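Single-structure report; data block below.
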Amino acid sequence: MDALRPFLSEHWSNYTRENGFRQPQAIEYSYPGWNPVFGGAEVTVESIQANVLEQAAAALVNCYYGLECIRNPYFAAALATAVNSWMAAEWLDREPRLLASIAVPIGDVEHAVAEIRRVATSDRRFAQVYLPARAWDPYGNRRYWPIWEAAVEHNLTVGIHFGGVTGNPPTPVGPLAGYFDEYCSAGQLFQAHIVSMVCEGVFDRFPTLRVVLSESGVTWLPTLFWKIDTEWKSARREIPWVRRPPSEYIREHVRVTAQPLDIPPESGQELRDVLDQLGGIDMLMFSSDYPHRHAVDLEPLHAQLTPEERQRFDHDNAAEVFRIEQRLAQDHAASRPS
Amino acid sequence: MQTETNREAKAQARTVLEFIDCDVHNGLPSAAALLPHLPEQWHGPYRQLTNRVQMPTASFYQTRSLSGGPYRVDARPPSGNPPGSDFEFARQQLLESWPIRNAILSPLDGLSWPQEGPLAAALTAALNDWVATQWLDRDSRFLGTIVVPVEDSERAAREIAHRAADDRFVQVLMYARTREPLGHAKYWPIYDAAAERDLPVVVHVGGSGNPITGAGWGSYHFEEHASFTWAMQAHVVSLVTSGLFDRLPKLKIVLEEGGFTWVPALMWRMDRAWRQMGPEFAGLTEAPSAIIRRHFYFTTQPMDEVDSADHLMATLRHLDMDDHVMYSTDYPHWDFDAPDRALPAAITGELRTKIMRTNAEHVFRFPKPKP
Amino acid sequence: MAKHVVGRTSEFPADAQRLVHVAGRDIAVFNVGGTLYALRNRCPHQGGPLSSGTVVGGLESAGPGDYRYRSDRKFVKCAWHSWEFDLATGHSRCDPKRQRVRAYPISVERGDSLIQSSPPEGGVPEALFAEVYPVTVEDDYVVVILDS
């Protein structure tokens, strides 16, 4: 809290001292420190420089602060502003190759839109709106449309990221027995959101919207496409604004970060098959997921790509969707990696 | 609408090899049809049983775009009773139209009943009696499913113990949307009772209790139809980590109508997480995919439409469970898979025969022929 | 090309849909508000009977929440998986180029013109009508044209 206090109002700074608030519980729940994959590393600007920016020309930093679990709308809004202000001052100001996501109080759409506008109109280093995969409603729901409207107005992507805590159990059959179980089932949350966005016509209403799925696992995409395209041929009349097969909307509007990639180790043929089923590399973007330790070796993936595909995967797909060249300071514009 | 002669379809059907249909839905022609099988003391409570809003499909997602509701339009019998309720009509439209060796019946009437308590137990017992006398007694090609109060495992176990004496009942029915994931200890008495009698447990689309997705309630039936896959995925994870299969090494779980093409990606995820977080953290001494490959089975319907047969065959290779996939029609539901058309032509020879017949012969204990 | 009499017009009243068997083919005949359509009965998806399907108007949309019902464009939804087929052209709504069913020219002709022109070939549908039709001058008949 001490780090955030300079960015809070006098009231909230005092109130959190009074009641002992330290941080939203959701953080510890989503990324438990005792977990072998999530625990341990302390992230600083220097550690990012050493571990990420040695290879990458630029990096998008996601700060998950668990705002979705704060029900008090005013507190959630105040924390969002504080987190985003802290991100700018303590991270973006110190390393010009960094971009960031905007933390929003998803529980109150008006406040979320206000925060997006506040940040995006004053700081182009924020490239994305951060949303957790666990949610109060699937993100296609009409109540969230003002958020997409604000995002496209400011050329921001909407990022749906592993994690989160809300009152909904994480599956259609209730809570699971432990963290490992929830981690394994997380893919279905991403699927629910993108199916919702297609069904509700979000991509029709906001044709420039780009959604980025982070830490989703990736390899469930082709078989989801088969299922919803099959269903569409029977059920089209319920959602007649879905004028093309649902998978086409997803291919156009959705991108996925690579890590952690759910693939067998040293996979050759399986990776080739999934890439064939996906129809190429267009949806995929390199990510390290630093400092989390569930990244897999990407050599098998690189081995499947032509040099041109590699360029798109490593650089161009992300550069395009996040508009990196426009966002970075002119004298530190991202150069192509060697 | 009368069934009219469809000669071309019949000619086509003759090219199909004899098969086993693992998922057929008969059902009560009317609520009153249950009464002769239900003890008198329960008649009153049964009559007063309003159709509790059990199924989100029936209540929250009523804009689904299907003319026959959940059914094929041409499956309505002349009597006007619901599809699947008329023995003779169903026999004609299914057993007499296709070379079916056996068809496993699972009535879904229980979906709109309570899932626990003495009334639930009485109703499911009566339903099983009705199936035995009105269907199994009348054509030995039909086999039965033991319907139980799914959230009341003690009463469910008692019904399994009682009904399993009739060897024409070859499996136990659970629903895809339950209040807890299926690995939860509350359901273990059901598995104990089933495994003791060598009965697979089938998990069939249906049920209610929680929001249809882990991210909340969707708006459209389209989403609800997709969401059963997610329920099945959660059950797989839950069952694998629960330790149930250590306790019951012979238990078979059959996932019905939930698809199977999603399984490889889930296996890859679980295995990766198991490797990275460590066997101790996951509480598993072997890879999750090994457990899945031993204990889980899948029915084919509804088959995904896949533009490229190569892509589908690739996923089948990733799945590597050729002996665990079984054909079903899901008659009389709308997403019925026709035996001659549902499996792509790329599935040939031994694999086709396995899916259409021999896998089921190894999963279910078929009754011994009567002398 | 051959004309086939499939029955009297009185046997295909408004809103009727019937399966007829003509020259070895199963054909679904629809009378939708006085307009006749004929489609090959077998859905290209899994072979479902279009004659048991549900006739609906076209439904299009300009965006979420916008519903444009076109009562002038008729489709049949297959009885099995509800795939929509344009009654006039046989094209499926969802994949018109690759998924389509044969649509046949269909018309009404008076008995006297049928008698005067070359006699219709191919016989009469056996599925519904056991007897051979004596074509009389006064009645109107539904005629489907098939490639021979």
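Ordering of the structure tokens sets the chain letters (A, B, ...), residue numbers begin anew at 1 in every chain, and ligands are numbered from 1 in the order given.
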Closest atom pairs, residues of chain B within 6 Å of chain C, only C-alpha atoms, as a tab-separated table:
```
residue	atom	partner	partner_atom	distance
B:Arg72	CA	C:Trp80	CA	4.9
B:Val73	CA	C:Ala79	CA	4.8
B:Asp74	CA	C:Ser52	CA	5.8
B:Trp334	CA	C:Trp80	CA	5.1
B:Asp335	CA	C:His81	CA	5.6
B:Arg341	CA	C:Gln46	CA	5.2
```
Run DSSP on the backbone and give me the residues of region 35-128 of chain A it puts in strand (DSSP E), as an MDAnalysis selection string.
chainID A and resid 59:61 98:103 126:128
Store the residues picked out above in a file with N, CA, C and O atoms, as a PDB file, in the first residue's frame.
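What ended up in selection_39.pdb:
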```
ATOM      1  N   ALA A  59       8.257  -4.134 -24.531  1.00  0.00           N
ATOM      2  CA  ALA A  59       7.496  -5.092 -23.735  1.00  0.00           C
ATOM      3  C   ALA A  59       6.238  -4.438 -23.202  1.00  0.00           C
ATOM      4  O   ALA A  59       6.245  -3.256 -22.825  1.00  0.00           O
ATOM      5  N   LEU A  60       5.156  -5.220 -23.178  1.00  0.00           N
ATOM      6  CA  LEU A  60       3.908  -4.765 -22.589  1.00  0.00           C
ATOM      7  C   LEU A  60       3.827  -5.328 -21.181  1.00  0.00           C
ATOM      8  O   LEU A  60       3.888  -6.549 -20.986  1.00  0.00           O
ATOM      9  N   VAL A  61       3.716  -4.432 -20.215  1.00  0.00           N
ATOM     10  CA  VAL A  61       3.694  -4.845 -18.815  1.00  0.00           C
ATOM     11  C   VAL A  61       2.250  -4.868 -18.320  1.00  0.00           C
ATOM     12  O   VAL A  61       1.526  -3.875 -18.458  1.00  0.00           O
ATOM     13  N   LEU A  98       8.939   0.345 -22.432  1.00  0.00           N
ATOM     14  CA  LEU A  98       7.796  -0.329 -21.821  1.00  0.00           C
ATOM     15  C   LEU A  98       6.468   0.306 -22.220  1.00  0.00           C
ATOM     16  O   LEU A  98       6.353   1.533 -22.314  1.00  0.00           O
ATOM     17  N   LEU A  99       5.481  -0.526 -22.450  1.00  0.00           N
ATOM     18  CA  LEU A  99       4.085  -0.112 -22.563  1.00  0.00           C
ATOM     19  C   LEU A  99       3.325  -0.814 -21.442  1.00  0.00           C
ATOM     20  O   LEU A  99       3.844  -1.759 -20.841  1.00  0.00           O
ATOM     21  N   ALA A 100       2.088  -0.381 -21.207  1.00  0.00           N
ATOM     22  CA  ALA A 100       1.335  -0.962 -20.088  1.00  0.00           C
ATOM     23  C   ALA A 100      -0.131  -1.141 -20.445  1.00  0.00           C
ATOM     24  O   ALA A 100      -0.621  -0.625 -21.455  1.00  0.00           O
ATOM     25  N   SER A 101      -0.816  -1.906 -19.608  1.00  0.00           N
ATOM     26  CA  SER A 101      -2.270  -2.060 -19.696  1.00  0.00           C
ATOM     27  C   SER A 101      -2.933  -1.184 -18.658  1.00  0.00           C
ATOM     28  O   SER A 101      -2.365  -0.932 -17.589  1.00  0.00           O
ATOM     29  N   ILE A 102      -4.137  -0.757 -18.955  1.00  0.00           N
ATOM     30  CA  ILE A 102      -4.904   0.084 -18.035  1.00  0.00           C
ATOM     31  C   ILE A 102      -5.719  -0.812 -17.111  1.00  0.00           C
ATOM     32  O   ILE A 102      -6.497  -1.646 -17.585  1.00  0.00           O
ATOM     33  N   ALA A 103      -5.528  -0.627 -15.801  1.00  0.00           N
ATOM     34  CA  ALA A 103      -6.358  -1.329 -14.825  1.00  0.00           C
ATOM     35  C   ALA A 103      -7.688  -0.587 -14.712  1.00  0.00           C
ATOM     36  O   ALA A 103      -7.694   0.637 -14.590  1.00  0.00           O
ATOM     37  N   PHE A 126      -0.002   3.620 -22.673  1.00  0.00           N
ATOM     38  CA  PHE A 126      -0.949   2.576 -22.273  1.00  0.00           C
ATOM     39  C   PHE A 126      -1.622   2.048 -23.532  1.00  0.00           C
ATOM     40  O   PHE A 126      -2.285   2.799 -24.254  1.00  0.00           O
ATOM     41  N   ALA A 127      -1.431   0.757 -23.796  1.00  0.00           N
ATOM     42  CA  ALA A 127      -1.858   0.195 -25.085  1.00  0.00           C
ATOM     43  C   ALA A 127      -3.110  -0.659 -24.982  1.00  0.00           C
ATOM     44  O   ALA A 127      -3.697  -1.011 -25.995  1.00  0.00           O
ATOM     45  N   GLN A 128      -3.511  -1.035 -23.772  1.00  0.00           N
ATOM     46  CA  GLN A 128      -4.507  -2.099 -23.624  1.00  0.00           C
ATOM     47  C   GLN A 128      -5.323  -1.869 -22.367  1.00  0.00           C
ATOM     48  O   GLN A 128      -4.852  -1.249 -21.417  1.00  0.00           O
TER      49      GLN A 128
END
```
Once DSSP has gone over the backbone, tell me which residues of region 209-313 of chain B are in alpha helix (DSSP H), as number ranges by chain.
B: 221-242, 244-247, 263-277, 279-282, 288-295, 309-313
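CA of Pro344 (chain B) lies 22.0 Å from CA of Glu361 (chain B).
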Identify all chain A residues at most 7 Å from chain B by counting only C-alpha atoms; ligands do not count. Present them as number ranges by chain.
A: 36-37, 134-138, 168-174, 176, 180-181, 184-185, 188-189, 192, 195-196, 219-220, 223, 226-227, 230, 235, 237-238, 262-264, 270, 273, 277, 294
